[in-house]
Structure formats: structure tokens, C-alpha cells
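Engineer: After the C-alpha cells below, expect a handful of questions from me.
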Amino acid sequence: MEEGKRSSVMKMKKKSVEGQVMDGSDIMELVGNEKVFSSFVDHKFEELDRDCDGKLSVKELQPAVADIGVALGLPAQGSAPDSDHIYSEVLNEFTHGKQDKVSKTEFKEVLSDILIGMAAGLKRDPIVILRIDGEDLHEFIKSPSFEPEMVSIFSQIVLPDDQGSLKDYIIKAFEKLTVDQGMPPASDSWVMSNVVEPALQSCGGGYDQQPISQDTFLAEFKKVAERVAQNLKDQPVIVAHSENTFDGSSIKRLLSNKFEFDKTLETALQNVPTDRQGKLSKEYLRMVLDVVAPSAGLPPLGAVDQMDKVIADVFKMLKADDGKAVKEEEFKKIMSEILGSILLQLEGNPISISTNTVVHEPLAPASTLLPPSSSS
């Protein structure tokens, strides 16, 4: 884990009553211990093998597939078409697209691959489970930084056609606060309905008639914020927090290790078609970059807007989107140049991403297949 990310995660961990950091280490510890993992697989296989024939049918595999979906944070199977195809892909990993039964050896191999993939994702983007109980928000309200920060937030609020009540300003201000100030994401409908709106109502309302000025905003916001802190104390909110800084360090490591870089490229090029002359079209550069991305510490294409813009600028600068066919060595050279250019961009202007998602389900893992993360 990068130093900046580690310190940030530890800071969040200290703020968290739950103190639960999901970084994939528990999963890797399980998979890495052959004896323990084999015992784990034996136990789970026996649970799933209802007819005790030593193999798992598609029907018997369904609970395992559902549990993996839970661990990945997917909605229940059948409830969302966009995620249902992922369930199908997980099942296909076990059955290889056939209806044949799966042996214990096959089950173990596929489960190991899935768990390692999940662990790699969590190591790259660890998730910290925070229990927001109003204490940090209360401290923020009482701190010397409260007024200057809220003045800054007030100056940033822009409402359509400058039309809006004091209530609109207060709501927008809550949306700009983060877990650093002890506020769960107010953009979440549950938080707005159950935490913010009741606080506004309990403070008397009448915001439509009040003039909008900095002083009025500060006074009224403070009243509502104190009530929000109380609401959070009465009804804490669980938030999954993750953050990542893309500074190019992983790209630098990859490019500095020629053997590893060549090996990664060879793997990525396996599914790239060639023409009759054995050349590769440059239109596949983005696809290859997406395959190389995990090794280069980059997010998948389309996942981070700021990163997509950097990549688009690099492709434009290197004329990598012209669709011409080139020899494999030239293709590899262009890919190296693309990564090098992205590295320079990120070294000069690192991209930091932070996400906070309200966890509406109980923290106790609903997945019985995958190992629970241990609390620190």
C-alpha cells in the first residue's frame, strides 16, 4: 500500500468505532495457507454437496455464487439485470460454460482465483468501515476551523438562477461535508430523509422567509448541524470509505522491471487478433491498456473520469487512435510510450479519488462462503 494511502487509511481507522479495514489481507492469509484453505474448501464443499455424490451440480453451486455476489457488494440475483450477468460469469467460471458437475479440485481452483482477485482489488483500494455516530461532527462544530470552513463552503454554493431558500443552502452545505468532518454522505436519500430533514424540521423551519446572508447561514447551519449530530448519536450510520491516489508510482515500478512488463504485455496481447501480415490494429491499444491497468496501478477505463481524460489526452498526443495496423514490437513500443506519458501526467498532477457509501445492510457478513474480515 502506498505511504499516503496507508496514513490516510489509518487516520480513518482511528476515526472509526468499528475499526474495520478491508484490505484483502485476511483473504490472502486464508488462500496462502494450503492446509487451512484446503480445510476451508472441504468444509464448504461438504455444505454445498447436498446429494453427497462428491460433485457439485449447477443447482448446488447457486448458494456459492450468491455468496460471492454478496461479498462483491452486488444486489440479490434476479433484482438487477446489470449485475445478473456477473452472477452468470461467476457460475461459468465454475462450470466452464457447461452443465457438467464440478469436482472439489475444480471448485477449489476457481474459488482460489476469485478470492485472490478480490484480495488484489481490496489491497489496491482498501475499504474502511466507519461508524458515524455524531461525535466527530460535534467536535467539528466546536472547533476553531468550523466557521472558516463553513464560510468557504457557503461561498462555493451555487443555486440555479440564484434562486433558493436558506434551507437549500443548508442542505447543499451538508452535501459538501465529508466523513472527515463526521458527516455521512447527505446525497444518500436515507441520510437525507432520516438524519438531515428531521434536524431541519426540529429547528423550527421558516427558512423561506429568512434573508440569505453569510451570518444568517452560519447561525442557522450550526443549529441544524448540532441537531444532526444528535440524530447520528441516536441512530449511527455505517459508511464504507475508500480512497486512492493515482500518482504513477505503480507505472514506474512496472516500466522499470522489463521482465515483468514484457510478461504483462504478452498476457494482454494473447486475445488481440492479428491481420494476415501478423500486424495488430492500434484500435486495440485501449483494450490492452485495460488489461495492463491492474499491474500499472490504474483503474479500469470508464471508472474514473479524471483518469479517462488523462488517457484520452495521451492517446491524442501520441496519435494512438488512428486505427493503423502495426507490427507487434511497434505495438508494444506504443503501449510503453502511452504508459510513460500517463506516468508523467500523474507525477505532475496526481489524481485522488475518495468514495463514501452508506451501508444499509447489517455489518455481519451475509456471505457464508467467504471468510469474514477481522476487526482490528
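Chains: A, B, ... in order of the C-alpha cells. Residues: from 1 per chain. Ligands: from 1, in order shown.
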Might you pull out every residue within 8 Å of A:Leu346, with only C-alpha atoms counted and same-chain residues fewer than 6 positions away left off, and present them as a list of chain:residue names?
Structural biologist: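 Answer for this query is A:Phe246, A:Asp247, A:Gly248.
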Engineer: If you keep N, CA and C atoms, can you produce a file of those selected residues as an mmCIF file, in the first residue's frame?
Structural biologist:
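Result written to selection03.cif:
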```
data_model
loop_
_atom_site.group_PDB
_atom_site.id
_atom_site.type_symbol
_atom_site.label_atom_id
_atom_site.label_comp_id
_atom_site.auth_asym_id
_atom_site.auth_seq_id
_atom_site.Cartn_x
_atom_site.Cartn_y
_atom_site.Cartn_z
ATOM 1 N N PHE A 246 -3.790 8.146 -7.538
ATOM 2 C CA PHE A 246 -3.059 7.667 -8.710
ATOM 3 C C PHE A 246 -1.930 8.658 -8.986
ATOM 4 N N ASP A 247 -0.710 8.267 -8.603
ATOM 5 C CA ASP A 247 0.435 9.172 -8.740
ATOM 6 C C ASP A 247 1.496 8.635 -9.697
ATOM 7 N N GLY A 248 1.194 7.522 -10.356
ATOM 8 C CA GLY A 248 2.127 6.975 -11.337
ATOM 9 C C GLY A 248 3.190 6.061 -10.769
#
```
Engineer: Residues within 9 Å of A:Phe94, please, as an MDAnalysis selection string. Count only C-alpha atoms; anything in the same chain fewer than 5 positions from it doesn't count.
Structural biologist: chainID A and resid 58 61 89 102 106:107 109:111
Engineer: Write the residues you've just listed into a file as a JSON list (two decimals), in the first residue's frame, and include C-alpha atoms for each of them.
Structural biologist:
```
[["chain", "number", "residue", "atom", "x", "y", "z"],
["A", 58, "VAL", "CA", -25.32, -26.16, -11.07],
["A", 61, "LEU", "CA", -23.38, -24.17, -6.81],
["A", 89, "GLU", "CA", -19.97, -15.22, -15.30],
["A", 102, "VAL", "CA", -17.89, -29.62, -10.65],
["A", 106, "GLU", "CA", -12.16, -27.56, -9.79],
["A", 107, "PHE", "CA", -14.17, -25.83, -7.07],
["A", 109, "GLU", "CA", -9.09, -23.76, -8.08],
["A", 110, "VAL", "CA", -11.85, -21.39, -9.18],
["A", 111, "LEU", "CA", -12.63, -20.23, -5.65]]
```
Engineer: Between atom CA of A:Tyr284 and atom CA of A:Gly323, what distance in Å does the model show, to one decimal?
Structural biologist: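 Spanning atom CA of A:Tyr284 to atom CA of A:Gly323 is a straight-line distance of 8.4 Å.
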Engineer: List every residue of stretch 129-193 of chain A that DSSP, applied to the backbone of this structure, places in strand (DSSP E), and write the result as a PyMOL selection string.
Structural biologist: chain A and resi 129-132
Engineer: From a backbone DSSP assignment, name each residue in stretch 152-304 of chain A labelled helix (DSSP H, G or I), as number ranges by chain.
Structural biologist: A: 152-156, 160-162, 166-176, 179-181, 189-202, 214-234, 249-256, 258-269, 282-292
Engineer: Tell me, counting only C-alpha atoms, for each residue of stretch 123-233 of chain A within 9 Å of stretch 347-359 of chain A, which pair of atoms is nearest and how far apart they are in Å to one decimal, in rows ordered by chain and increasing number, as CSV.
Structural biologist:
```
residue,atom,partner,partner_atom,distance
A:Ile129,CA,A:Val359,CA,8.9
A:Thr178,CA,A:Asn356,CA,8.3
A:Val179,CA,A:Asn356,CA,7.8
A:Pro184,CA,A:Val358,CA,7.3
A:Pro185,CA,A:Asn356,CA,6.6
A:Asp188,CA,A:Val358,CA,7.1
A:Trp190,CA,A:Val358,CA,8.6
A:Val191,CA,A:Val358,CA,8.3
```
Engineer: Skipping near chain neighbours, those fewer than 2 positions away, what residues fall within 12 Å of A:Ile171 using only C-alpha atoms, listed as a PyMOL selection string?
Structural biologist: chain A and resi 153-154+157+159+164-169+173-177+185-187+191-193+195-197+199-200+207+217+220-221+224-225+228
Engineer: Point out the residue among A:Ser112, A:Pro144, A:Ala229, A:Gln62 with the least atom-to-atom distance to A:Phe40, counting only C-alpha atoms.
Structural biologist: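 Of the candidates, the smallest distance to A:Phe40 is held by A:Ser112.
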Engineer: Which is closer to A:Gln345 than all the others in A:Glu46, A:Glu243, A:Asp313, A:Asp67, using only C-alpha atoms?
Structural biologist: A:Asp313
